[in-house]
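S.K.: What follows is entry.cif, mmCIF, C-alpha atoms.
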data_coords
#
loop_
_atom_site.label_atom_id
_atom_site.label_comp_id
_atom_site.auth_asym_id
_atom_site.auth_seq_id
_atom_site.Cartn_x
_atom_site.Cartn_y
_atom_site.Cartn_z
CA MET C 1 -16.29 57.74 -49.01
CA LYS C 2 -17.28 56.62 -52.49
CA PHE C 3 -18.56 59.44 -54.66
CA SER C 4 -22.07 58.80 -55.95
CA TRP C 5 -23.17 60.42 -59.18
CA ALA C 6 -26.67 59.21 -58.40
CA LYS C 7 -26.81 61.16 -55.13
CA THR C 8 -25.48 64.25 -56.85
CA TRP C 9 -28.14 63.89 -59.51
CA ALA C 10 -30.81 63.50 -56.87
CA GLY C 11 -30.40 67.11 -55.82
CA LEU C 12 -31.02 68.23 -59.38
CA LEU C 13 -34.03 66.01 -59.94
CA LEU C 14 -36.14 66.49 -56.87
CA THR C 15 -38.64 69.18 -57.70
CA THR C 16 -40.43 71.31 -55.14
CA THR C 17 -43.66 69.51 -55.98
CA ALA C 18 -42.15 66.09 -55.36
CA LEU C 19 -40.54 67.20 -52.11
CA SER C 20 -43.77 68.69 -50.80
CA ALA C 21 -45.97 65.77 -51.78
CA GLY C 22 -48.23 65.10 -48.82
CA THR C 23 -50.17 62.13 -47.54
CA ALA C 24 -52.99 62.64 -50.05
CA ALA C 25 -50.58 62.56 -52.97
CA MET C 26 -48.82 59.47 -51.59
CA ALA C 27 -52.19 57.74 -51.34
CA GLN C 28 -52.54 58.13 -55.11
CA GLN C 29 -49.01 56.96 -55.83
CA LYS C 30 -48.87 54.64 -58.81
CA THR C 31 -46.92 51.40 -59.01
CA MET C 32 -45.08 50.62 -62.23
CA PHE C 33 -43.26 47.44 -63.15
CA VAL C 34 -39.84 47.48 -64.78
CA ALA C 35 -38.46 44.17 -66.07
CA GLY C 36 -34.70 43.96 -66.56
CA TYR C 37 -31.51 42.03 -65.90
CA GLY C 38 -30.43 40.51 -62.62
CA GLY C 39 -26.93 40.49 -61.12
CA SER C 40 -24.82 43.66 -61.08
CA TYR C 41 -27.33 45.46 -63.33
CA GLU C 42 -30.16 44.85 -60.86
CA GLN C 43 -28.00 45.96 -57.92
CA THR C 44 -27.11 49.24 -59.61
CA MET C 45 -30.72 49.86 -60.60
CA ARG C 46 -32.04 49.21 -57.10
CA LYS C 47 -29.38 51.23 -55.27
CA GLU C 48 -28.53 54.09 -57.63
CA VAL C 49 -31.37 54.60 -60.10
CA ILE C 50 -34.81 53.46 -58.99
CA PRO C 51 -34.96 55.44 -55.70
CA LEU C 52 -34.22 58.67 -57.58
CA PHE C 53 -36.92 58.15 -60.17
CA GLU C 54 -39.44 57.13 -57.51
CA LYS C 55 -38.88 60.46 -55.73
CA GLN C 56 -38.91 62.49 -58.93
CA ALA C 57 -42.06 60.95 -60.41
CA ASN C 58 -43.83 60.01 -57.15
CA VAL C 59 -44.24 56.41 -58.27
CA LYS C 60 -43.34 53.07 -56.75
CA ILE C 61 -41.25 50.81 -58.99
CA GLU C 62 -41.38 47.04 -58.73
CA TYR C 63 -38.28 45.60 -60.42
CA VAL C 64 -38.75 42.19 -62.06
CA ALA C 65 -35.36 40.55 -62.60
CA GLY C 66 -34.73 37.98 -65.32
CA ASN C 67 -32.81 37.41 -68.52
CA SER C 68 -34.15 38.75 -71.79
CA THR C 69 -35.87 35.56 -72.92
CA ASP C 70 -37.61 35.33 -69.51
CA THR C 71 -38.90 38.89 -69.92
CA LEU C 72 -40.09 38.22 -73.47
CA ALA C 73 -41.90 35.10 -72.24
CA LYS C 74 -43.63 37.18 -69.53
CA LEU C 75 -44.82 39.67 -72.17
CA GLN C 76 -46.21 36.80 -74.23
CA ALA C 77 -47.93 35.27 -71.20
CA GLN C 78 -49.49 38.62 -70.24
CA LYS C 79 -50.67 39.49 -73.74
CA GLY C 80 -53.91 41.45 -73.50
CA ASN C 81 -53.32 42.19 -69.81
CA GLN C 82 -49.81 43.57 -69.57
CA GLN C 83 -48.45 44.03 -66.07
CA ILE C 84 -44.97 45.18 -67.14
CA ASP C 85 -44.64 48.88 -68.00
CA VAL C 86 -41.02 48.97 -69.22
CA ALA C 87 -38.95 46.09 -70.56
CA ILE C 88 -35.14 46.29 -70.57
CA VAL C 89 -33.72 43.47 -72.69
CA ASP C 90 -30.93 42.58 -75.11
CA ASP C 91 -31.19 44.07 -78.59
CA GLY C 92 -32.23 40.81 -80.27
CA PRO C 93 -35.21 40.14 -77.99
CA ALA C 94 -36.05 43.87 -78.16
CA TYR C 95 -36.52 43.61 -81.93
CA GLN C 96 -38.63 40.50 -81.35
CA ALA C 97 -40.79 42.39 -78.85
CA VAL C 98 -41.33 45.18 -81.40
CA ALA C 99 -42.18 42.68 -84.14
CA LEU C 100 -44.68 40.93 -81.85
CA GLY C 101 -46.44 44.21 -81.07
CA PHE C 102 -45.47 44.39 -77.40
CA CYS C 103 -43.74 47.79 -77.58
CA GLY C 104 -45.50 51.14 -77.69
CA THR C 105 -44.23 54.24 -79.50
CA LEU C 106 -41.75 56.42 -77.63
CA THR C 107 -42.97 59.91 -76.77
CA ASP C 108 -40.75 62.80 -77.83
CA GLY C 109 -38.14 64.11 -75.44
CA PRO C 110 -35.13 66.42 -75.76
CA VAL C 111 -32.71 63.70 -74.59
CA TYR C 112 -33.22 61.70 -77.80
CA LYS C 113 -31.25 64.25 -79.85
CA ASP C 114 -28.16 63.15 -77.90
CA VAL C 115 -28.64 59.41 -78.41
CA ALA C 116 -26.21 57.73 -80.82
CA PRO C 117 -27.92 56.88 -84.13
CA VAL C 118 -26.94 53.20 -83.81
CA MET C 119 -28.95 53.05 -80.57
CA LYS C 120 -32.20 54.24 -82.19
CA PHE C 121 -34.91 51.93 -83.55
CA LYS C 122 -36.36 52.83 -86.94
CA SER C 123 -39.79 51.93 -85.57
CA ASN C 124 -39.36 54.41 -82.67
CA LYS C 125 -40.79 51.69 -80.43
CA GLY C 126 -37.58 51.10 -78.54
CA VAL C 127 -34.20 52.68 -77.88
CA GLY C 128 -30.76 51.49 -76.87
CA LEU C 129 -29.69 52.41 -73.34
CA GLY C 130 -26.10 51.24 -73.61
CA LEU C 131 -23.65 48.78 -75.08
CA VAL C 132 -21.47 45.89 -73.97
CA ALA C 133 -19.19 43.52 -75.86
CA THR C 134 -19.36 39.72 -75.83
CA GLY C 135 -16.00 38.00 -75.63
CA LEU C 136 -13.87 35.79 -73.40
CA PHE C 137 -12.92 36.15 -69.76
CA TYR C 138 -10.45 34.30 -67.59
CA ASN C 139 -8.97 33.95 -64.11
CA THR C 140 -5.71 35.91 -64.38
CA LYS C 141 -4.28 34.39 -61.17
CA VAL C 142 -4.82 30.77 -62.24
CA PHE C 143 -3.48 31.47 -65.73
CA ALA C 144 -0.34 33.09 -64.28
CA GLU C 145 0.21 30.21 -61.82
CA ASN C 146 -0.02 27.69 -64.67
CA LYS C 147 2.05 29.87 -67.02
CA TRP C 148 -0.80 29.77 -69.54
CA PRO C 149 -0.85 32.63 -72.06
CA ALA C 150 -3.94 34.84 -71.92
CA PRO C 151 -6.67 33.70 -74.34
CA THR C 152 -6.79 35.63 -77.60
CA SER C 153 -9.22 33.73 -79.84
CA TRP C 154 -12.67 32.18 -79.83
CA ASN C 155 -10.78 29.00 -80.76
CA ASP C 156 -9.32 28.92 -77.24
CA LEU C 157 -12.66 27.46 -76.15
CA LYS C 158 -11.52 24.27 -77.91
CA SER C 159 -8.31 24.01 -75.88
CA LYS C 160 -7.85 20.97 -73.64
CA ALA C 161 -5.23 22.84 -71.58
CA TYR C 162 -7.71 24.10 -68.98
CA GLY C 163 -9.43 20.80 -68.31
CA LYS C 164 -13.21 20.77 -68.01
CA LYS C 165 -13.16 24.32 -66.58
CA ILE C 166 -14.81 26.46 -69.25
CA VAL C 167 -18.24 28.03 -68.76
CA THR C 168 -20.53 29.73 -71.26
CA PRO C 169 -24.18 30.77 -71.16
CA PRO C 170 -26.67 28.73 -73.23
CA ILE C 171 -27.94 30.16 -76.52
CA ASN C 172 -31.24 31.39 -75.09
CA ASN C 173 -28.90 33.99 -73.56
CA THR C 174 -27.41 36.47 -76.06
CA TYR C 175 -23.84 35.85 -74.86
CA GLY C 176 -24.20 32.16 -75.68
CA LEU C 177 -25.84 32.91 -79.02
CA HIS C 178 -22.93 35.20 -79.91
CA ALA C 179 -20.48 32.38 -79.16
CA LEU C 180 -22.40 29.99 -81.42
CA ILE C 181 -22.41 32.53 -84.27
CA ALA C 182 -18.70 33.24 -83.71
CA MET C 183 -17.84 29.56 -84.12
CA ALA C 184 -20.09 29.34 -87.19
CA GLN C 185 -18.24 32.29 -88.76
CA ILE C 186 -14.83 30.78 -87.99
CA GLY C 187 -16.01 27.58 -89.69
CA GLY C 188 -17.05 29.45 -92.83
CA GLY C 189 -20.70 30.00 -91.95
CA GLY C 190 -22.63 32.56 -89.95
CA GLU C 191 -26.23 33.46 -89.16
CA ALA C 192 -27.37 32.12 -92.56
CA ASN C 193 -25.37 28.89 -92.11
CA ILE C 194 -25.14 28.00 -88.42
CA GLU C 195 -24.10 24.37 -89.04
CA PRO C 196 -20.32 24.91 -88.45
CA GLY C 197 -21.14 26.48 -85.09
CA PHE C 198 -23.16 23.50 -83.90
CA LYS C 199 -20.53 21.08 -85.18
CA THR C 200 -17.74 22.89 -83.31
CA PHE C 201 -19.67 23.09 -80.05
CA LYS C 202 -20.74 19.45 -80.15
CA GLU C 203 -17.39 17.96 -81.15
CA GLU C 204 -14.70 20.32 -79.85
CA ILE C 205 -16.05 22.67 -77.17
CA ASN C 206 -18.60 20.55 -75.31
CA PRO C 207 -15.96 18.26 -73.71
CA ASN C 208 -14.39 21.33 -72.07
CA ILE C 209 -17.60 22.81 -70.62
CA ILE C 210 -18.31 22.57 -66.89
CA ALA C 211 -21.71 24.23 -67.34
CA TYR C 212 -23.93 26.18 -69.72
CA GLU C 213 -24.88 28.73 -67.10
CA PRO C 214 -27.49 31.50 -67.61
CA SER C 215 -27.33 32.92 -64.06
CA PRO C 216 -24.82 35.77 -63.45
CA ALA C 217 -24.58 34.82 -59.76
CA LYS C 218 -23.82 31.18 -60.52
CA MET C 219 -21.36 32.21 -63.22
CA THR C 220 -19.27 34.17 -60.70
CA GLU C 221 -19.66 31.36 -58.17
CA LEU C 222 -18.13 28.86 -60.60
CA PHE C 223 -15.07 31.12 -60.89
CA GLN C 224 -14.87 31.83 -57.18
CA ASN C 225 -14.85 28.16 -56.19
CA GLY C 226 -12.34 27.22 -58.92
CA GLN C 227 -14.66 25.06 -61.01
CA ALA C 228 -14.23 27.42 -63.99
CA VAL C 229 -11.18 29.40 -65.10
CA MET C 230 -12.29 30.67 -68.54
CA GLY C 231 -15.53 31.38 -70.33
CA VAL C 232 -17.76 33.52 -72.50
CA TRP C 233 -19.43 36.58 -71.02
CA GLY C 234 -20.17 40.26 -71.50
CA SER C 235 -17.69 43.05 -70.82
CA GLY C 236 -20.09 44.68 -68.35
CA ARG C 237 -20.50 41.49 -66.31
CA VAL C 238 -16.74 40.96 -66.23
CA LYS C 239 -16.10 44.57 -65.19
CA ALA C 240 -18.55 44.26 -62.31
CA PHE C 241 -16.90 40.98 -61.27
CA ALA C 242 -13.40 42.50 -61.47
CA ASP C 243 -14.59 45.50 -59.43
CA THR C 244 -15.19 43.13 -56.51
CA GLY C 245 -11.45 42.45 -56.44
CA PHE C 246 -11.57 39.02 -58.09
CA PRO C 247 -8.64 38.39 -60.50
CA VAL C 248 -10.56 38.27 -63.76
CA ALA C 249 -10.08 40.01 -67.11
CA PHE C 250 -12.09 40.45 -70.31
CA VAL C 251 -10.66 39.63 -73.74
CA TYR C 252 -11.73 40.98 -77.13
CA PRO C 253 -11.06 37.90 -79.36
CA LYS C 254 -8.86 38.62 -82.40
CA GLU C 255 -11.66 37.44 -84.73
CA GLY C 256 -13.87 40.17 -83.26
CA SER C 257 -16.25 40.64 -80.34
CA PHE C 258 -19.98 41.07 -80.80
CA ALA C 259 -21.88 44.18 -79.80
CA LEU C 260 -24.74 43.60 -77.40
CA GLY C 261 -27.06 46.52 -77.03
CA VAL C 262 -29.29 46.85 -73.99
CA ALA C 263 -32.61 48.33 -75.11
CA ALA C 264 -35.79 49.54 -73.47
CA CYS C 265 -39.34 49.90 -74.67
CA PRO C 266 -42.61 51.09 -73.13
CA ILE C 267 -45.10 48.24 -73.20
CA GLU C 268 -48.18 48.71 -75.38
CA GLY C 269 -51.39 48.47 -73.37
CA ALA C 270 -49.67 48.78 -69.97
CA LYS C 271 -51.22 50.88 -67.22
CA ASN C 272 -48.63 53.66 -66.90
CA PRO C 273 -47.52 54.81 -70.38
CA ALA C 274 -46.54 58.37 -69.35
CA GLU C 275 -44.42 57.16 -66.45
CA ALA C 276 -42.88 54.42 -68.60
CA ASN C 277 -41.74 56.94 -71.20
CA ALA C 278 -40.45 59.28 -68.51
CA PHE C 279 -38.44 56.42 -67.00
CA ILE C 280 -36.79 55.56 -70.33
CA GLN C 281 -35.82 59.21 -70.85
CA PHE C 282 -34.49 59.28 -67.28
CA MET C 283 -32.33 56.23 -68.08
CA LEU C 284 -30.82 58.16 -71.03
CA SER C 285 -30.00 61.28 -69.01
CA PRO C 286 -26.23 61.96 -68.81
CA ALA C 287 -25.91 61.43 -65.05
CA ILE C 288 -27.78 58.11 -65.06
CA GLN C 289 -25.88 56.96 -68.15
CA LYS C 290 -22.69 57.55 -66.18
CA VAL C 291 -24.08 55.66 -63.19
CA MET C 292 -24.86 52.65 -65.40
CA ALA C 293 -21.43 52.83 -67.07
CA ILE C 294 -19.57 52.84 -63.76
CA GLY C 295 -21.91 50.55 -61.82
CA ALA C 296 -23.10 48.07 -64.47
CA GLY C 297 -20.43 48.33 -67.15
CA PHE C 298 -22.47 49.61 -70.10
CA GLY C 299 -20.91 51.92 -72.66
CA PRO C 300 -23.15 55.04 -72.85
CA ALA C 301 -25.82 55.48 -75.53
CA ASN C 302 -25.90 59.23 -74.84
CA THR C 303 -23.13 60.81 -76.89
CA THR C 304 -22.71 63.74 -74.49
CA VAL C 305 -21.40 61.47 -71.74
CA THR C 306 -17.65 61.56 -71.21
CA LEU C 307 -15.74 59.08 -69.08
CA THR C 308 -12.31 59.41 -67.53
CA THR C 309 -9.58 56.95 -68.50
CA ASP C 310 -10.19 55.05 -65.28
CA GLU C 311 -13.97 55.00 -65.79
CA GLN C 312 -13.55 53.65 -69.34
CA LYS C 313 -11.74 50.50 -68.18
CA GLY C 314 -13.63 47.39 -69.18
CA LEU C 315 -16.22 49.29 -71.25
CA PRO C 316 -16.74 49.38 -75.01
CA TYR C 317 -15.98 53.06 -75.43
CA GLY C 318 -14.31 55.12 -78.14
CA GLU C 319 -12.19 53.05 -80.52
CA ASP C 320 -13.25 49.70 -79.01
CA VAL C 321 -16.83 50.29 -80.17
CA LYS C 322 -15.72 50.57 -83.79
CA LYS C 323 -14.23 47.05 -83.65
CA LEU C 324 -17.44 45.34 -82.57
CA LYS C 325 -19.43 43.11 -84.91
CA ALA C 326 -23.22 43.20 -85.19
CA VAL C 327 -25.58 40.22 -85.48
CA ASP C 328 -28.03 40.07 -88.36
CA TRP C 329 -31.08 39.88 -86.12
CA ASP C 330 -33.49 39.50 -89.04
CA ILE C 331 -31.96 36.08 -89.68
CA ALA C 332 -31.10 35.15 -86.09
CA ASN C 333 -34.52 35.97 -84.63
CA ALA C 334 -36.31 34.02 -87.36
CA LYS C 335 -34.17 30.96 -86.55
CA ARG C 336 -33.62 31.39 -82.82
CA GLU C 337 -36.44 29.16 -81.60
CA GLU C 338 -35.35 26.38 -83.97
CA TRP C 339 -31.69 26.78 -82.91
CA THR C 340 -32.63 26.68 -79.23
CA ARG C 341 -34.57 23.42 -79.64
CA ARG C 342 -31.64 21.93 -81.52
CA TRP C 343 -29.18 23.20 -78.88
CA ASN C 344 -31.18 21.56 -76.09
CA ARG C 345 -31.39 18.31 -78.05
CA GLU C 346 -27.83 18.07 -79.40
CA VAL C 347 -25.51 20.17 -77.24
CA GLU C 348 -26.82 20.87 -73.74
CA ARG C 349 -28.14 17.42 -72.94
#
I'd like the structure from this file rewritten - as structure tokens, please.

M.R.:
Amino acid sequence: MKFSWAKTWAGLLLTTTALSAGTAAMAQQKTMFVAGYGGSYEQTMRKEVIPLFEKQANVKIEYVAGNSTDTLAKLQAQKGNQQIDVAIVDDGPAYQAVALGFCGTLTDGPVYKDVAPVMKFKSNKGVGLGLVATGLFYNTKVFAENKWPAPTSWNDLKSKAYGKKIVTPPINNTYGLHALIAMAQIGGGGEANIEPGFKTFKEEINPNIIAYEPSPAKMTELFQNGQAVMGVWGSGRVKAFADTGFPVAFVYPKEGSFALGVAACPIEGAKNPAEANAFIQFMLSPAIQKVMAIGAGFGPANTTVTLTTDEQKGLPYGEDVKKLKAVDWDIANAKREEWTRRWNREVER
């Protein structure tokens, strides 16, 4: 039987009040909306996390799955009448949400003293919940059968050896944006000069791409049916895929992987601010941090969390974290809309 940290934690969390809540209390039960990722993240949240918080706080959580740009678009569409209580998004869109005034101030809680400084927002309107790395991944079985060496560089995306069997998310997804910036840096540019990245994708990488795929489910499907054998993705996604038994491995490119922080913020003007803040603190508790590390592949934001050697596999943890590169989001966010329009016009046609 698989050991469940979440079930162990449940015994610690359920208070006498929550356990004895009667029909009258249930009639007053609030519903809060949490927007976050789909795929393996959503599965872990629904199975291991949300039921525990619902019992602890006597609330009903509706989980709204979507990528970060989808969630940001929902916040913009609901401006003045916010339905979402907590948004869980990539770090770049999280800073956008703060700048646009969508995030409320975090309430104090003892757990924040244990959160790594790099995970904290200066505005105190958001906080990092964990960390993944963006790099390459590949089908180890197919590579071995073809006697291809494992990929080691972002430049391997240019290789004609694999045929048209490379997949990467589009740049409205942070993984895809990281790949664009990586190619810009290799070409002598970067966030402030993205031109080399576009040139490389258009001229050298595009002919090798089977799809620019934003959906985690479709990404794994492309690998499972043999249409893709290599691509760009996050370490957490790859870990979850590998945990299913599929022969896939993550690669930290020699030029450097990018850090992708997953962040949460309570939404300003939403209906359940107290519950939203309690949920974010719950997500940062040591036991739930461990659940998300093992189940969704996120390196912990809480510095008190320790993982065994086996639990660390596939996660940015310890020394691997020190090797990760950060995006200059001040530049990238200011240009992202322009880059996305150009990407749709010139690359993903």

S.K.: Translate the PyMOL selection byres ((chain C and resi 106-123) around 9), as applied to the file shown, into an explicit residue set as number ranges by chain.

M.R.: C: 95, 98, 103-105, 124-131, 261, 263, 265-266, 274, 277-278, 280-282, 284-286, 300-304

S.K.: To one decimal place, how far is atom CA of C:Thr152 from atom CA of C:Lys254 in Å?

M.R.: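 Atom CA of C:Lys254 lies 6.0 Å from atom CA of C:Thr152.
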
S.K.: Take the PyMOL selection byres ((chain C and resi 328-339) around 10), apply it to the structure above, and return the hits as an mmCIF file with C-alpha atoms, in the frame of the given file.

M.R.:
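The result, stored in out-v4.cif:
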data_model
loop_
_atom_site.group_PDB
_atom_site.id
_atom_site.type_symbol
_atom_site.label_atom_id
_atom_site.label_comp_id
_atom_site.auth_asym_id
_atom_site.auth_seq_id
_atom_site.Cartn_x
_atom_site.Cartn_y
_atom_site.Cartn_z
ATOM 1 C CA ASP C 91 -31.190 44.070 -78.590
ATOM 2 C CA GLY C 92 -32.230 40.810 -80.270
ATOM 3 C CA PRO C 93 -35.210 40.140 -77.990
ATOM 4 C CA TYR C 95 -36.520 43.610 -81.930
ATOM 5 C CA GLN C 96 -38.630 40.500 -81.350
ATOM 6 C CA ILE C 171 -27.940 30.160 -76.520
ATOM 7 C CA ASN C 172 -31.240 31.390 -75.090
ATOM 8 C CA LEU C 177 -25.840 32.910 -79.020
ATOM 9 C CA LEU C 180 -22.400 29.990 -81.420
ATOM 10 C CA ILE C 181 -22.410 32.530 -84.270
ATOM 11 C CA GLY C 190 -22.630 32.560 -89.950
ATOM 12 C CA GLU C 191 -26.230 33.460 -89.160
ATOM 13 C CA ALA C 192 -27.370 32.120 -92.560
ATOM 14 C CA ILE C 194 -25.140 28.000 -88.420
ATOM 15 C CA PHE C 198 -23.160 23.500 -83.900
ATOM 16 C CA LYS C 325 -19.430 43.110 -84.910
ATOM 17 C CA ALA C 326 -23.220 43.200 -85.190
ATOM 18 C CA VAL C 327 -25.580 40.220 -85.480
ATOM 19 C CA THR C 340 -32.630 26.680 -79.230
ATOM 20 C CA ARG C 341 -34.570 23.420 -79.640
ATOM 21 C CA ARG C 342 -31.640 21.930 -81.520
ATOM 22 C CA TRP C 343 -29.180 23.200 -78.880
ATOM 23 C CA ASN C 344 -31.180 21.560 -76.090
ATOM 24 C CA ARG C 345 -31.390 18.310 -78.050
#

S.K.: Find the residues near C:Leu136: any atom within 10 Å, counting all atoms listed in the file, skip ones fewer than 3 places away on the same chain, and give them as a PDB file with C-alpha atoms, in the frame of the given file.

M.R.:
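Below is the file part-v2.pdb, written as the result:
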ATOM      1  CA  ALA C 133     -19.190  43.520 -75.860  1.00  0.00           C
ATOM      2  CA  PRO C 151      -6.670  33.700 -74.340  1.00  0.00           C
ATOM      3  CA  THR C 152      -6.790  35.630 -77.600  1.00  0.00           C
ATOM      4  CA  SER C 153      -9.220  33.730 -79.840  1.00  0.00           C
ATOM      5  CA  TRP C 154     -12.670  32.180 -79.830  1.00  0.00           C
ATOM      6  CA  ASP C 156      -9.320  28.920 -77.240  1.00  0.00           C
ATOM      7  CA  LEU C 157     -12.660  27.460 -76.150  1.00  0.00           C
ATOM      8  CA  THR C 168     -20.530  29.730 -71.260  1.00  0.00           C
ATOM      9  CA  ALA C 179     -20.480  32.380 -79.160  1.00  0.00           C
ATOM     10  CA  MET C 230     -12.290  30.670 -68.540  1.00  0.00           C
ATOM     11  CA  GLY C 231     -15.530  31.380 -70.330  1.00  0.00           C
ATOM     12  CA  VAL C 232     -17.760  33.520 -72.500  1.00  0.00           C
ATOM     13  CA  TRP C 233     -19.430  36.580 -71.020  1.00  0.00           C
ATOM     14  CA  GLY C 234     -20.170  40.260 -71.500  1.00  0.00           C
ATOM     15  CA  SER C 235     -17.690  43.050 -70.820  1.00  0.00           C
ATOM     16  CA  VAL C 238     -16.740  40.960 -66.230  1.00  0.00           C
ATOM     17  CA  ALA C 249     -10.080  40.010 -67.110  1.00  0.00           C
ATOM     18  CA  PHE C 250     -12.090  40.450 -70.310  1.00  0.00           C
ATOM     19  CA  VAL C 251     -10.660  39.630 -73.740  1.00  0.00           C
ATOM     20  CA  TYR C 252     -11.730  40.980 -77.130  1.00  0.00           C
ATOM     21  CA  PRO C 253     -11.060  37.900 -79.360  1.00  0.00           C
ATOM     22  CA  SER C 257     -16.250  40.640 -80.340  1.00  0.00           C
TER      23      SER C 257
END

S.K.: Measure the distance from atom CA of C:Ala94 to atom CA of C:Arg349 in Å and round it to one decimal.

M.R.: 28.1 Å

S.K.: Applied to the shown file, which residues does the PyMOL selection byres ((chain C and resi 295) around 10) return, written as a list of chain:residue names?

M.R.: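 For this structure, the PyMOL selection byres ((chain C and resi 295) around 10) resolves to C:Ser40, C:Tyr41, C:Gln43, C:Thr44, C:Met45, C:Lys47, C:Glu48, C:Gly236, C:Lys239, C:Ala240, C:Asp243, C:Gln289, C:Lys290, C:Val291, C:Met292, C:Ala293, C:Ile294, C:Ala296, C:Gly297, C:Phe298, C:Glu311.
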
S.K.: Filtering to C-alpha atoms, could you give me those residues as a PDB file, in the frame of the given file?

M.R.:
ATOM      1  CA  SER C  40     -24.820  43.660 -61.080  1.00  0.00           C
ATOM      2  CA  TYR C  41     -27.330  45.460 -63.330  1.00  0.00           C
ATOM      3  CA  GLN C  43     -28.000  45.960 -57.920  1.00  0.00           C
ATOM      4  CA  THR C  44     -27.110  49.240 -59.610  1.00  0.00           C
ATOM      5  CA  MET C  45     -30.720  49.860 -60.600  1.00  0.00           C
ATOM      6  CA  LYS C  47     -29.380  51.230 -55.270  1.00  0.00           C
ATOM      7  CA  GLU C  48     -28.530  54.090 -57.630  1.00  0.00           C
ATOM      8  CA  GLY C 236     -20.090  44.680 -68.350  1.00  0.00           C
ATOM      9  CA  LYS C 239     -16.100  44.570 -65.190  1.00  0.00           C
ATOM     10  CA  ALA C 240     -18.550  44.260 -62.310  1.00  0.00           C
ATOM     11  CA  ASP C 243     -14.590  45.500 -59.430  1.00  0.00           C
ATOM     12  CA  GLN C 289     -25.880  56.960 -68.150  1.00  0.00           C
ATOM     13  CA  LYS C 290     -22.690  57.550 -66.180  1.00  0.00           C
ATOM     14  CA  VAL C 291     -24.080  55.660 -63.190  1.00  0.00           C
ATOM     15  CA  MET C 292     -24.860  52.650 -65.400  1.00  0.00           C
ATOM     16  CA  ALA C 293     -21.430  52.830 -67.070  1.00  0.00           C
ATOM     17  CA  ILE C 294     -19.570  52.840 -63.760  1.00  0.00           C
ATOM     18  CA  ALA C 296     -23.100  48.070 -64.470  1.00  0.00           C
ATOM     19  CA  GLY C 297     -20.430  48.330 -67.150  1.00  0.00           C
ATOM     20  CA  PHE C 298     -22.470  49.610 -70.100  1.00  0.00           C
ATOM     21  CA  GLU C 311     -13.970  55.000 -65.790  1.00  0.00           C
TER      22      GLU C 311
END

S.K.: Nearest to C:Glu203 among C:Val64, C:Met183, C:Met219, C:Leu52, with distances taken over only C-alpha atoms: which residue is it?

M.R.: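 Closest candidate: C:Met183.
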
S.K.: Please indicate the distance in Å from atom CA of C:Ala270 to atom CA of C:Gly39, rounded to one decimal place.

M.R.: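 Computing it gives 25.8 Å between the two atoms.
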
S.K.: Given the choices C:Asn146, C:Thr71, C:Thr308, C:Gln82, which gets closest to C:Ala161 if the distance is worked out from all atoms listed in the file?

M.R.: C:Asn146

S.K.: Smallest atom-to-atom distance to C:Asp70: which of C:Gln312, C:Thr306, C:Asn173, C:Gln227, using only C-alpha atoms?

M.R.: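 Using only C-alpha atoms, C:Asp70 sits closest to C:Asn173.
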
S.K.: Name the closest residue to C:Trp148 among the candidates C:Arg237, C:Pro216, C:Glu268, C:Val229; distances are taken between atoms, counting only C-alpha atoms.

M.R.: C:Val229

S.K.: Restricting the calculation to all atoms listed in the file: of C:Leu222, C:Ile267, C:Val142, C:Leu315, which residue gets closest to C:Phe102?

M.R.: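 Ranked by minimum distance to C:Phe102, first place goes to C:Ile267.
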
S.K.: Give the answer as one residue: which of C:Ala87, C:Lys141, C:Arg46, C:Phe53 has the shortest atom-to-atom distance to C:Gly245, using all atoms listed in the file?

M.R.: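 Going through C:Ala87, C:Lys141, C:Arg46, C:Phe53 one by one, the smallest distance to C:Gly245 is for C:Lys141.
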
S.K.: When you look at C:Val167 with a cut-off of 6 Å (counting only C-alpha atoms), what residues show up, excluding the ones that are within fewer than 5 positions of it in the same chain? I need them as an NGL selection string.

M.R.: :C and (209-211 or 231)

S.K.: Got a sec: who's within 9 Å of C:Gly187, counting all atoms listed in the file, leaving out chain neighbours fewer than 5 positions off, as a PyMOL selection string?

M.R.: chain C and resi 182+195-197+200
